[in-house]
Amino acid sequence: WQGSAQYTVCVDGVQIGGTQTASAWHAAGQFDTVTLHGDWAPGPHDLGITFLNDAYGGSPAADRNLYL
């Protein structure tokens with residue numbers, strides 16, 4: 001709704017890359033693939049996604065979403 005969703009990706013609290021823009025349409029069954037490159041130690045890590053431009057125009061048809 002009124003533009004694509006934008007977001008950032010963090011690993012262990014550190015942003016990886018710049019602002020990402022979703023281009024796939026969820027309603028059409030499309031998806032984007034994001035590949036992260038880094039030099040992380042073995043073991044578990046925390047992944048964070050920050051939705052930057054959420055918007056709601058008053059109805060479900062006017063609601064920008066980011067699907068993960």
# chains A, B, ... in the order shown; residues from 1 in each chain; ligands from 1
call {"tool": "residues_around", "arguments": {"residues": "Asp32 of chain A", "least_positions_apart": "2", "cutoff": "7 Å", "atoms": "only C-alpha atoms", "output": "mmCIF file with all heavy atoms, in the first residue's frame"}}
result
data_model
loop_
_atom_site.group_PDB
_atom_site.id
_atom_site.type_symbol
_atom_site.label_atom_id
_atom_site.label_comp_id
_atom_site.auth_asym_id
_atom_site.auth_seq_id
_atom_site.Cartn_x
_atom_site.Cartn_y
_atom_site.Cartn_z
ATOM 1 N N ALA A 22 11.589 -4.404 0.065
ATOM 2 C CA ALA A 22 10.887 -5.616 -0.372
ATOM 3 C C ALA A 22 10.286 -5.366 -1.748
ATOM 4 O O ALA A 22 9.688 -4.317 -1.992
ATOM 5 C CB ALA A 22 9.795 -5.982 0.623
ATOM 6 N N SER A 23 10.452 -6.331 -2.651
ATOM 7 C CA SER A 23 9.902 -6.155 -3.992
ATOM 8 C C SER A 23 8.862 -7.219 -4.346
ATOM 9 O O SER A 23 8.162 -7.082 -5.340
ATOM 10 C CB SER A 23 11.025 -6.163 -5.031
ATOM 11 O OG SER A 23 11.716 -7.387 -5.012
ATOM 12 N N ALA A 24 8.766 -8.266 -3.557
ATOM 13 C CA ALA A 24 7.823 -9.343 -3.836
ATOM 14 C C ALA A 24 6.425 -8.982 -3.318
ATOM 15 O O ALA A 24 6.284 -8.260 -2.341
ATOM 16 C CB ALA A 24 8.295 -10.627 -3.174
ATOM 17 N N VAL A 34 17.114 -12.998 0.758
ATOM 18 C CA VAL A 34 18.193 -12.141 1.227
ATOM 19 C C VAL A 34 19.328 -13.034 1.698
ATOM 20 O O VAL A 34 19.114 -13.947 2.507
ATOM 21 C CB VAL A 34 17.721 -11.235 2.391
ATOM 22 C CG1 VAL A 34 18.855 -10.389 2.932
ATOM 23 C CG2 VAL A 34 16.560 -10.362 1.930
#
call {"tool": "select_by_dssp", "arguments": {"residues": "chain A", "states": "helix (DSSP H, G or I)", "output": "list in words"}}
result
His26, Ala27, Ala28, Pro60, Ala61 and Ala62 of chain A
call {"tool": "atom_distance", "arguments": {"atom1": "atom CA of Gly48 of chain A", "atom2": "atom CA of Asn65 of chain A"}}
result
16.5 Å
call {"tool": "closest_residue", "arguments": {"among": "A:Thr21, A:Ala61, A:Gln30, A:Ala41", "to": "Tyr7 of chain A", "atoms": "only C-alpha atoms"}}
result
A:Thr21
call {"tool": "select_by_dssp", "arguments": {"residues": "chain A", "states": "strand (DSSP E or B)", "output": "PyMOL selection string"}}
result
chain A and resi 6-11+14-21+47-51+55-56+63-64
call {"tool": "write_last_selection", "arguments": {"atoms": "N, CA, C and O atoms", "output": "PDB file, in the first residue's frame"}}
result
ATOM      1  N   GLN A   6      10.214  -1.207   3.629  1.00  0.00           N
ATOM      2  CA  GLN A   6      11.662  -1.063   3.772  1.00  0.00           C
ATOM      3  C   GLN A   6      12.065  -1.551   5.152  1.00  0.00           C
ATOM      4  O   GLN A   6      11.329  -1.385   6.123  1.00  0.00           O
ATOM      5  N   TYR A   7      13.262  -2.134   5.237  1.00  0.00           N
ATOM      6  CA  TYR A   7      13.708  -2.725   6.488  1.00  0.00           C
ATOM      7  C   TYR A   7      15.225  -2.795   6.546  1.00  0.00           C
ATOM      8  O   TYR A   7      15.906  -2.643   5.526  1.00  0.00           O
ATOM      9  N   THR A   8      15.743  -2.997   7.746  1.00  0.00           N
ATOM     10  CA  THR A   8      17.165  -3.260   7.939  1.00  0.00           C
ATOM     11  C   THR A   8      17.321  -4.619   8.608  1.00  0.00           C
ATOM     12  O   THR A   8      16.389  -5.127   9.252  1.00  0.00           O
ATOM     13  N   VAL A   9      18.506  -5.199   8.438  1.00  0.00           N
ATOM     14  CA  VAL A   9      18.823  -6.506   9.007  1.00  0.00           C
ATOM     15  C   VAL A   9      20.026  -6.336   9.928  1.00  0.00           C
ATOM     16  O   VAL A   9      21.020  -5.690   9.564  1.00  0.00           O
ATOM     17  N   CYS A  10      19.948  -6.917  11.123  1.00  0.00           N
ATOM     18  CA  CYS A  10      21.055  -6.890  12.081  1.00  0.00           C
ATOM     19  C   CYS A  10      21.411  -8.315  12.491  1.00  0.00           C
ATOM     20  O   CYS A  10      20.533  -9.166  12.605  1.00  0.00           O
ATOM     21  N   VAL A  11      22.688  -8.558  12.696  1.00  0.00           N
ATOM     22  CA  VAL A  11      23.165  -9.814  13.270  1.00  0.00           C
ATOM     23  C   VAL A  11      23.919  -9.455  14.534  1.00  0.00           C
ATOM     24  O   VAL A  11      24.844  -8.629  14.508  1.00  0.00           O
ATOM     25  N   VAL A  14      24.363  -5.731  15.168  1.00  0.00           N
ATOM     26  CA  VAL A  14      25.114  -4.929  14.203  1.00  0.00           C
ATOM     27  C   VAL A  14      24.400  -4.964  12.852  1.00  0.00           C
ATOM     28  O   VAL A  14      24.163  -6.045  12.306  1.00  0.00           O
ATOM     29  N   GLN A  15      24.069  -3.778  12.332  1.00  0.00           N
ATOM     30  CA  GLN A  15      23.381  -3.721  11.048  1.00  0.00           C
ATOM     31  C   GLN A  15      24.285  -4.241   9.938  1.00  0.00           C
ATOM     32  O   GLN A  15      25.456  -3.898   9.857  1.00  0.00           O
ATOM     33  N   ILE A  16      23.697  -5.074   9.081  1.00  0.00           N
ATOM     34  CA  ILE A  16      24.403  -5.643   7.938  1.00  0.00           C
ATOM     35  C   ILE A  16      23.858  -4.977   6.680  1.00  0.00           C
ATOM     36  O   ILE A  16      22.678  -5.119   6.355  1.00  0.00           O
ATOM     37  N   GLY A  17      24.693  -4.252   5.970  1.00  0.00           N
ATOM     38  CA  GLY A  17      24.247  -3.573   4.763  1.00  0.00           C
ATOM     39  C   GLY A  17      23.394  -2.363   5.083  1.00  0.00           C
ATOM     40  O   GLY A  17      23.320  -1.907   6.225  1.00  0.00           O
ATOM     41  N   GLY A  18      22.747  -1.845   4.059  1.00  0.00           N
ATOM     42  CA  GLY A  18      21.919  -0.658   4.208  1.00  0.00           C
ATOM     43  C   GLY A  18      20.446  -1.000   4.292  1.00  0.00           C
ATOM     44  O   GLY A  18      20.063  -2.110   4.661  1.00  0.00           O
ATOM     45  N   THR A  19      19.627  -0.050   3.921  1.00  0.00           N
ATOM     46  CA  THR A  19      18.179  -0.249   3.913  1.00  0.00           C
ATOM     47  C   THR A  19      17.806  -1.172   2.759  1.00  0.00           C
ATOM     48  O   THR A  19      18.247  -0.978   1.633  1.00  0.00           O
ATOM     49  N   GLN A  20      16.992  -2.167   3.063  1.00  0.00           N
ATOM     50  CA  GLN A  20      16.498  -3.119   2.072  1.00  0.00           C
ATOM     51  C   GLN A  20      15.066  -2.734   1.692  1.00  0.00           C
ATOM     52  O   GLN A  20      14.320  -2.217   2.520  1.00  0.00           O
ATOM     53  N   THR A  21      14.692  -2.995   0.458  1.00  0.00           N
ATOM     54  CA  THR A  21      13.334  -2.730  -0.003  1.00  0.00           C
ATOM     55  C   THR A  21      12.722  -4.029  -0.515  1.00  0.00           C
ATOM     56  O   THR A  21      13.289  -4.678  -1.398  1.00  0.00           O
ATOM     57  N   LEU A  47      19.332 -12.667  15.061  1.00  0.00           N
ATOM     58  CA  LEU A  47      18.976 -11.978  13.835  1.00  0.00           C
ATOM     59  C   LEU A  47      17.851 -11.001  14.152  1.00  0.00           C
ATOM     60  O   LEU A  47      16.873 -11.363  14.812  1.00  0.00           O
ATOM     61  N   GLY A  48      17.996  -9.776  13.708  1.00  0.00           N
ATOM     62  CA  GLY A  48      16.966  -8.771  13.945  1.00  0.00           C
ATOM     63  C   GLY A  48      16.546  -8.103  12.653  1.00  0.00           C
ATOM     64  O   GLY A  48      17.370  -7.838  11.781  1.00  0.00           O
ATOM     65  N   ILE A  49      15.258  -7.848  12.514  1.00  0.00           N
ATOM     66  CA  ILE A  49      14.699  -7.142  11.371  1.00  0.00           C
ATOM     67  C   ILE A  49      13.961  -5.922  11.909  1.00  0.00           C
ATOM     68  O   ILE A  49      13.138  -6.042  12.818  1.00  0.00           O
ATOM     69  N   THR A  50      14.237  -4.746  11.357  1.00  0.00           N
ATOM     70  CA  THR A  50      13.529  -3.533  11.747  1.00  0.00           C
ATOM     71  C   THR A  50      12.733  -3.029  10.550  1.00  0.00           C
ATOM     72  O   THR A  50      13.303  -2.716   9.499  1.00  0.00           O
ATOM     73  N   PHE A  51      11.416  -2.985  10.697  1.00  0.00           N
ATOM     74  CA  PHE A  51      10.491  -2.514   9.661  1.00  0.00           C
ATOM     75  C   PHE A  51      10.488  -0.988   9.750  1.00  0.00           C
ATOM     76  O   PHE A  51      10.052  -0.416  10.748  1.00  0.00           O
ATOM     77  N   ALA A  55       2.892   1.492   7.582  1.00  0.00           N
ATOM     78  CA  ALA A  55       1.859   2.497   7.326  1.00  0.00           C
ATOM     79  C   ALA A  55       0.488   1.837   7.359  1.00  0.00           C
ATOM     80  O   ALA A  55       0.321   0.693   6.955  1.00  0.00           O
ATOM     81  N   TYR A  56      -0.503   2.581   7.859  1.00  0.00           N
ATOM     82  CA  TYR A  56      -1.874   2.094   7.922  1.00  0.00           C
ATOM     83  C   TYR A  56      -2.796   3.232   7.538  1.00  0.00           C
ATOM     84  O   TYR A  56      -2.781   4.302   8.154  1.00  0.00           O
ATOM     85  N   ASP A  63      -2.940  -1.038   4.158  1.00  0.00           N
ATOM     86  CA  ASP A  63      -2.045  -1.412   5.251  1.00  0.00           C
ATOM     87  C   ASP A  63      -0.757  -1.979   4.654  1.00  0.00           C
ATOM     88  O   ASP A  63      -0.796  -3.003   3.973  1.00  0.00           O
ATOM     89  N   ARG A  64       0.377  -1.309   4.863  1.00  0.00           N
ATOM     90  CA  ARG A  64       1.658  -1.816   4.387  1.00  0.00           C
ATOM     91  C   ARG A  64       2.190  -2.803   5.410  1.00  0.00           C
ATOM     92  O   ARG A  64       2.268  -2.524   6.589  1.00  0.00           O
TER      93      ARG A  64
END
call {"tool": "closest_residue", "arguments": {"among": "A:His45, A:Gly29, A:Leu66, A:Gly38", "to": "Ala5 of chain A", "atoms": "only C-alpha atoms"}}
result
A:Leu66
call {"tool": "closest_residue", "arguments": {"among": "A:Trp25, A:Asp12, A:Phe31, A:Gln2", "to": "Leu68 of chain A", "atoms": "only C-alpha atoms"}}
result
A:Phe31
call {"tool": "atom_distance", "arguments": {"atom1": "atom CA of Asn53 of chain A", "atom2": "atom CA of Asp39 of chain A"}}
result
29.3 Å
call {"tool": "atom_distance", "arguments": {"atom1": "atom CA of Ser4 of chain A", "atom2": "atom CA of Pro60 of chain A"}}
result
15.8 Å
